[in-house]
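I have placed the structure first, in the form of structure tokens, so that the comments after it can refer back to it.
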Amino acid sequence: MKETKEATVDLKSGKSPKTAADFAKYFQAPSLKDAKQRGKEEIKVHYDFTISEEMREIGKGKRYHVRTYGCQMNEHDSETISGILEQMGYTPSEEIEEADVILFNTCAIRENAEDKVFGELGHMKRLKHNNPNLILGVCGCMSQEEKVVNKILKSYQQVDLIFGTHNIHRLPELLRDAMFSKEMVIEVWSKEGDIVENMPKLREGNTKAWVNIMYGCDKFCTYCIVPYTRGKERSRRPEDVIAEVRDLARQGFKEIMLLGQNVNAYGKDFEDIKYGFGDLLDEVRKIDIPRVRFTTSHPRDFDDHLIEVLSHGGNLVEQIHLPVQSGSSEVLKRMARKYTREHYLELVRKIKAAIPNVSLSSDIIVGFPGETDEQFEETISLVEEVRYDFAYTFIYSPREGTPAAVMEDNVPMEVKKARLHRLNEVLARIGLEQNKKLEGKTLEVLVEGVSRTNEEVLAGRTRTNKLVHFKGDSSLIGQYVDVHITDAKTWTLHGEIATKIEV
Ligand code: SAH
Ligand code: SF4
Ligand code: F3S
């Protein structure tokens, strides 16, 4: 692992860096160009993460607040960040106003995600003014972008610390540097090939847990920033993943979600063993944990062995998030998704044949540069054919540095919005039709909490991840119950408790 230069040395020379490129001379500032490189260097796994005695004193009597944007990967990173802060002696603060350390764990996937963060950062000026000792930090995917770091340097002087997605394990030292430095502390590694095990995690709740199986992405879909912000594909060793899942089972967790940007590429980077995602699931399914999910599956690497393993069922739930992005082979080609409409539909056919009652969900982008009406119609017809239970839908957002950002975009915004609206209508109609088929059925539900709108109503999820509302006692939270479905709505099911199941 790279060593970082001492954070304050060069700045003391009196020169004040103004851009991320200037900063690179002093610190390690992000570079999208470097982030694009995929070197051959071996992936090292570090098992020696510790927080020194000295660092464990830093947060005594102080409070922290982490605000998370973006995907589950980021949510899980925030659990690690919180775990580290707690080991440094910090305690959590519900109210951001009362915190001594505020960290924004950011997302770069679309422009509106970034705009939201800049808006909130602006509001932090007031808090910084009230409490000059407050440390305000920015981490996550936005910190990996030069453009963002430049903008923060120029217009958000209230920020004290910027660190990247590969630098989380360095948080104790970076926080200490930020406390003692007058300048903004920046440490963002753009090209990283390592895995750091054994970082503490403060998990939210004790029912469901996330488990990283791999980091990074090598797919380079032309619209997507993730391969630049998360680095190259690196798989955790199977024994480390399995040990973590076993430990969660022992602790009584009821459901785990295996995480990766492209879980089907798991193991492709191992040089010493031939071991893929199917092999990993085949071992995980034998562990005594009632439900196992995973996200996200890239259709390209979804192989027959994986389908065969999933067909065993058991704790491997019959729900697969299989983002298609577009129903047009031409658009898919320009997105560099590396599959065609026909290949995707064939995969869906195989999955449906092998896994009865499988529930499929998707991510779909509308208004990709050059998308014609006919090509959009192909997306609609694919949705009709697959019959997704739900899908996340997005208007294409250009990301600087990605190939699609320089493609000519002749689709007017009104057209993109109209396409999104139409797509969402079709998805809602199909979602309701799918749910209606469940009326009268009894389904196993993991109770997650009370409903947001009515405290007497419990909320839980089926194996297929559908939200179910039903009357029941809050003592059932964290348990499995059988629920008889009486009424199906577009995105929720309503029912009555049939029996409580011991799992
Ligand atoms: N690794 C996952 C996706 C992670 S990003 C996968 O490949 O399935 C989640 C979703 O955001 C993507 O599936 C895509 O639909 C959407 N997305 C990514 N980049 C985008 C962009 N530039 N504009 C709009 N949507 C985008
Ligand atoms: Fe982005 Fe494609 Fe990688 Fe998913 S597979 S993270 S969409 S580049
Ligand atoms: Fe966003 Fe980074 Fe996740 S860009 S979607 S937080 S990997």
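Letters A, B, ... mark the chains of the structure tokens in the order given; residue numbers begin at 1 per chain; ligand numbers begin at 1, in order shown.
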
| request: Please check which protein, DNA or RNA residues sit within 7 Å of ligand 1, counting only C-alpha atoms and all ligand atoms, and write them as a ChimeraX atom specification. | output: /A:109-110,223-225,261-262,296-298,322-323,325,363-365,393-399

| task | Write out as a VMD selection string which residues come within 6 Å of range 136-152 of chain A when counting only C-alpha atoms, dropping same-chain ones fewer than 3 positions away. | result | chain A and resid 19 to 20 30 to 31 102 to 108 155 to 156 159 to 165 229

| query | Using only C-alpha atoms, which of the listed residues (A:Ala178, A:Ile273, A:Leu420, A:Ala265) sits closest to Pro238 in chain A? | reply | A:Ile273

| field | Minimum-distance residue to Val426 in chain A, chosen among A:Phe390, A:Ile213, A:Lys286, A:Glu408 (using only C-alpha atoms) | value | A:Phe390

| request: Would you please work out which residue, of A:Thr80, A:Thr442, A:Thr68, A:Gln251, is nearest to ligand 3 when using only C-alpha atoms and all ligand atoms? | output: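 For ligand 3, the nearest of the given residues is A:Thr68.
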